[in-house]
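With compact mmCIF, N, CA and C atoms inside, this is run_37.txt:
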# COMPACT_ATOMS: atom_id res chain seq x y z
N MET A 1 0.81 -1.19 0.00
CA MET A 1 0.00 0.00 0.00
C MET A 1 0.86 1.26 0.00
N PHE A 2 2.02 1.20 0.62
CA PHE A 2 2.88 2.38 0.67
C PHE A 2 3.94 2.37 -0.41
N GLU A 3 3.92 1.39 -1.27
CA GLU A 3 4.88 1.32 -2.37
C GLU A 3 4.36 2.13 -3.56
N PRO A 4 5.25 2.75 -4.33
CA PRO A 4 4.81 3.52 -5.50
C PRO A 4 4.01 2.66 -6.47
N PHE A 5 3.01 3.25 -7.06
CA PHE A 5 2.15 2.64 -8.08
C PHE A 5 1.29 1.51 -7.55
N THR A 6 1.05 1.50 -6.23
CA THR A 6 0.14 0.53 -5.63
C THR A 6 -1.19 1.21 -5.39
N ARG A 7 -2.25 0.59 -5.85
CA ARG A 7 -3.59 1.16 -5.70
C ARG A 7 -4.46 0.22 -4.91
N GLY A 8 -5.37 0.79 -4.13
CA GLY A 8 -6.31 -0.01 -3.35
C GLY A 8 -7.31 -0.71 -4.26
N THR A 9 -7.92 -1.75 -3.72
CA THR A 9 -8.89 -2.51 -4.50
C THR A 9 -10.31 -2.27 -4.03
N GLY A 10 -10.50 -1.35 -3.08
CA GLY A 10 -11.82 -1.09 -2.51
C GLY A 10 -12.73 -0.38 -3.48
N ARG A 11 -13.96 -0.18 -2.99
CA ARG A 11 -14.95 0.51 -3.81
C ARG A 11 -14.57 1.97 -4.02
N THR A 12 -15.04 2.53 -5.11
CA THR A 12 -14.79 3.94 -5.41
C THR A 12 -15.75 4.78 -4.59
N ARG A 13 -15.26 5.86 -4.04
CA ARG A 13 -16.12 6.77 -3.30
C ARG A 13 -17.08 7.44 -4.26
N PRO A 14 -18.29 7.78 -3.79
CA PRO A 14 -19.28 8.41 -4.67
C PRO A 14 -18.77 9.65 -5.38
N ARG A 15 -17.96 10.47 -4.70
CA ARG A 15 -17.49 11.70 -5.34
C ARG A 15 -16.52 11.42 -6.48
N ASP A 16 -15.98 10.20 -6.54
CA ASP A 16 -15.04 9.83 -7.59
C ASP A 16 -15.72 9.16 -8.78
N ALA A 17 -17.01 8.98 -8.71
CA ALA A 17 -17.73 8.26 -9.77
C ALA A 17 -17.49 8.93 -11.12
N GLY A 18 -17.13 8.11 -12.08
CA GLY A 18 -16.92 8.63 -13.42
C GLY A 18 -15.54 9.19 -13.66
N ARG A 19 -14.71 9.26 -12.64
CA ARG A 19 -13.35 9.78 -12.79
C ARG A 19 -12.37 8.63 -12.75
N PRO A 20 -11.31 8.70 -13.53
CA PRO A 20 -10.31 7.63 -13.48
C PRO A 20 -9.58 7.63 -12.14
N GLY A 21 -9.08 6.46 -11.75
CA GLY A 21 -8.34 6.35 -10.50
C GLY A 21 -6.98 7.02 -10.59
N GLY A 22 -6.30 7.11 -9.46
CA GLY A 22 -4.98 7.72 -9.42
C GLY A 22 -3.91 6.76 -9.88
N HIS A 23 -2.68 7.17 -9.71
CA HIS A 23 -1.54 6.36 -10.13
C HIS A 23 -0.91 5.60 -8.97
N GLY A 24 -1.45 5.77 -7.77
CA GLY A 24 -0.92 5.04 -6.62
C GLY A 24 0.36 5.63 -6.06
N LEU A 25 0.53 6.94 -6.16
CA LEU A 25 1.74 7.58 -5.65
C LEU A 25 1.53 8.31 -4.33
N GLY A 26 0.30 8.64 -3.99
CA GLY A 26 0.01 9.49 -2.83
C GLY A 26 0.62 9.01 -1.53
N LEU A 27 0.30 7.78 -1.10
CA LEU A 27 0.82 7.30 0.18
C LEU A 27 2.31 7.05 0.14
N ALA A 28 2.85 6.70 -1.01
CA ALA A 28 4.30 6.52 -1.14
C ALA A 28 5.01 7.85 -0.93
N ILE A 29 4.44 8.93 -1.45
CA ILE A 29 5.03 10.27 -1.27
C ILE A 29 4.91 10.69 0.20
N VAL A 30 3.75 10.46 0.80
CA VAL A 30 3.56 10.80 2.21
C VAL A 30 4.54 10.03 3.08
N ARG A 31 4.74 8.76 2.80
CA ARG A 31 5.70 7.97 3.57
C ARG A 31 7.12 8.51 3.43
N ALA A 32 7.50 8.90 2.22
CA ALA A 32 8.85 9.44 1.99
C ALA A 32 9.05 10.74 2.77
N VAL A 33 8.06 11.60 2.77
CA VAL A 33 8.16 12.86 3.51
C VAL A 33 8.22 12.59 5.01
N ALA A 34 7.35 11.70 5.51
CA ALA A 34 7.34 11.38 6.93
C ALA A 34 8.68 10.79 7.36
N THR A 35 9.23 9.88 6.57
CA THR A 35 10.51 9.26 6.89
C THR A 35 11.63 10.29 6.89
N ALA A 36 11.62 11.20 5.94
CA ALA A 36 12.64 12.24 5.86
C ALA A 36 12.62 13.14 7.09
N HIS A 37 11.47 13.21 7.76
CA HIS A 37 11.32 14.05 8.94
C HIS A 37 11.28 13.21 10.21
N ARG A 38 11.87 12.02 10.15
CA ARG A 38 11.92 11.09 11.28
C ARG A 38 10.54 10.75 11.81
N GLY A 39 9.59 10.64 10.93
CA GLY A 39 8.22 10.33 11.33
C GLY A 39 7.81 8.92 10.95
N THR A 40 6.56 8.61 11.25
CA THR A 40 6.00 7.30 10.91
C THR A 40 4.67 7.48 10.21
N LEU A 41 4.29 6.45 9.49
CA LEU A 41 3.02 6.44 8.76
C LEU A 41 2.37 5.09 9.03
N THR A 42 1.14 5.10 9.53
CA THR A 42 0.41 3.86 9.77
C THR A 42 -0.97 3.98 9.14
N ALA A 43 -1.53 2.84 8.77
CA ALA A 43 -2.85 2.83 8.16
C ALA A 43 -3.68 1.71 8.78
N THR A 44 -4.97 1.99 8.96
CA THR A 44 -5.90 1.02 9.51
C THR A 44 -7.13 0.96 8.62
N ALA A 45 -7.51 -0.25 8.22
CA ALA A 45 -8.72 -0.42 7.42
C ALA A 45 -9.94 -0.26 8.32
N ASN A 46 -10.93 0.47 7.84
CA ASN A 46 -12.16 0.67 8.58
C ASN A 46 -13.16 -0.42 8.19
N PRO A 47 -13.86 -1.02 9.17
CA PRO A 47 -14.81 -2.08 8.87
C PRO A 47 -15.90 -1.66 7.87
N ALA A 48 -16.32 -0.41 7.93
CA ALA A 48 -17.37 0.08 7.04
C ALA A 48 -16.83 0.45 5.67
N GLY A 49 -15.52 0.36 5.49
CA GLY A 49 -14.89 0.73 4.23
C GLY A 49 -13.99 1.93 4.41
N GLY A 50 -13.01 2.03 3.58
CA GLY A 50 -12.09 3.16 3.66
C GLY A 50 -10.86 2.83 4.48
N LEU A 51 -10.05 3.83 4.67
CA LEU A 51 -8.76 3.67 5.32
C LEU A 51 -8.48 4.90 6.16
N THR A 52 -7.97 4.69 7.37
CA THR A 52 -7.54 5.80 8.22
C THR A 52 -6.02 5.79 8.23
N VAL A 53 -5.41 6.91 7.87
CA VAL A 53 -3.96 7.03 7.80
C VAL A 53 -3.51 8.03 8.86
N HIS A 54 -2.50 7.64 9.65
CA HIS A 54 -1.94 8.51 10.67
C HIS A 54 -0.49 8.80 10.32
N VAL A 55 -0.14 10.08 10.37
CA VAL A 55 1.25 10.51 10.14
C VAL A 55 1.72 11.14 11.44
N ARG A 56 2.84 10.66 11.95
CA ARG A 56 3.43 11.24 13.15
C ARG A 56 4.81 11.75 12.78
N LEU A 57 5.06 13.02 13.12
CA LEU A 57 6.34 13.66 12.81
C LEU A 57 7.06 14.05 14.10
N ALA A 58 8.39 14.03 14.04
CA ALA A 58 9.19 14.46 15.18
C ALA A 58 9.04 15.96 15.34
N ARG A 59 9.16 16.44 16.56
CA ARG A 59 9.05 17.87 16.81
C ARG A 59 10.25 18.64 16.32
N SER A 60 11.42 18.03 16.34
CA SER A 60 12.64 18.73 15.98
C SER A 60 13.56 17.80 15.21
N MET A 61 14.33 18.36 14.28
CA MET A 61 15.28 17.58 13.49
C MET A 61 16.65 17.56 14.16
N GLN A 62 16.80 18.17 15.33
CA GLN A 62 18.11 18.28 15.99
C GLN A 62 18.54 16.96 16.58
If you convert what's in this file into structure tokens, what do you get?
Amino acid sequence: MFEPFTRGTGRTRPRDAGRPGGHGLGLAIVRAVATAHRGTLTATANPAGGLTVHVRLARSMQ
């Protein structure tokens, strides 16, 4: 899920109806930024559908 060009297999959200899907880069970019800032990225699947993503960043780079 956090690898480049990986896309979810879940249902399309109503607001996305009729629009093509993405390229699967979003979470990979977020992970790269979080890692560069000594942070973490976690994801949890929601039983009703969807995904909750948490990004935690360090307060200081020192």
Residues within 7 Å of region 41-58 of chain A, please, as an mmCIF file with N, CA and C atoms, in the coordinates of the input. Count only C-alpha atoms; anything in the same chain fewer than 4 positions from it doesn't count.
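Done, and the output landed in part-v1.cif:
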data_model
loop_
_atom_site.group_PDB
_atom_site.id
_atom_site.type_symbol
_atom_site.label_atom_id
_atom_site.label_comp_id
_atom_site.auth_asym_id
_atom_site.auth_seq_id
_atom_site.Cartn_x
_atom_site.Cartn_y
_atom_site.Cartn_z
ATOM 1 N N ARG A 31 4.740 8.760 2.800
ATOM 2 C CA ARG A 31 5.700 7.970 3.570
ATOM 3 C C ARG A 31 7.120 8.510 3.430
ATOM 4 N N ALA A 34 7.350 11.700 5.510
ATOM 5 C CA ALA A 34 7.340 11.380 6.930
ATOM 6 C C ALA A 34 8.680 10.790 7.360
ATOM 7 N N HIS A 37 11.470 13.210 7.760
ATOM 8 C CA HIS A 37 11.320 14.050 8.940
ATOM 9 C C HIS A 37 11.280 13.210 10.210
#
Quick one, how far is atom C of Ser60 (chain A) from CA of Arg38 (chain A)?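 Spanning atom C of Ser60 (chain A) to CA of Arg38 (chain A) is a straight-line distance of 7.9 Å.
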Grab all the atoms of region 41-58 of chain A that the file lists, wrap them in a box along x, y and z, add 5 Å per side, and give me centre plus edge lengths in Å (one decimal) as AutoDock Vina command-line options.
--center_x -4.1 --center_y 6.9 --center_z 9.5 --size_x 36.6 --size_y 28.0 --size_z 21.8
Can you measure CA of Arg59 (chain A) to atom C of Gly26 (chain A) for me? One decimal in Å is fine.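 One can read the CA of Arg59 (chain A) to atom C of Gly26 (chain A) distance as 22.0 Å.
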Hey, can you check how far atom N of Gly24 (chain A) sits from atom N of Ala36 (chain A)?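 Value for the atom N of Gly24 (chain A)-atom N of Ala36 (chain A) distance: 19.7 Å.
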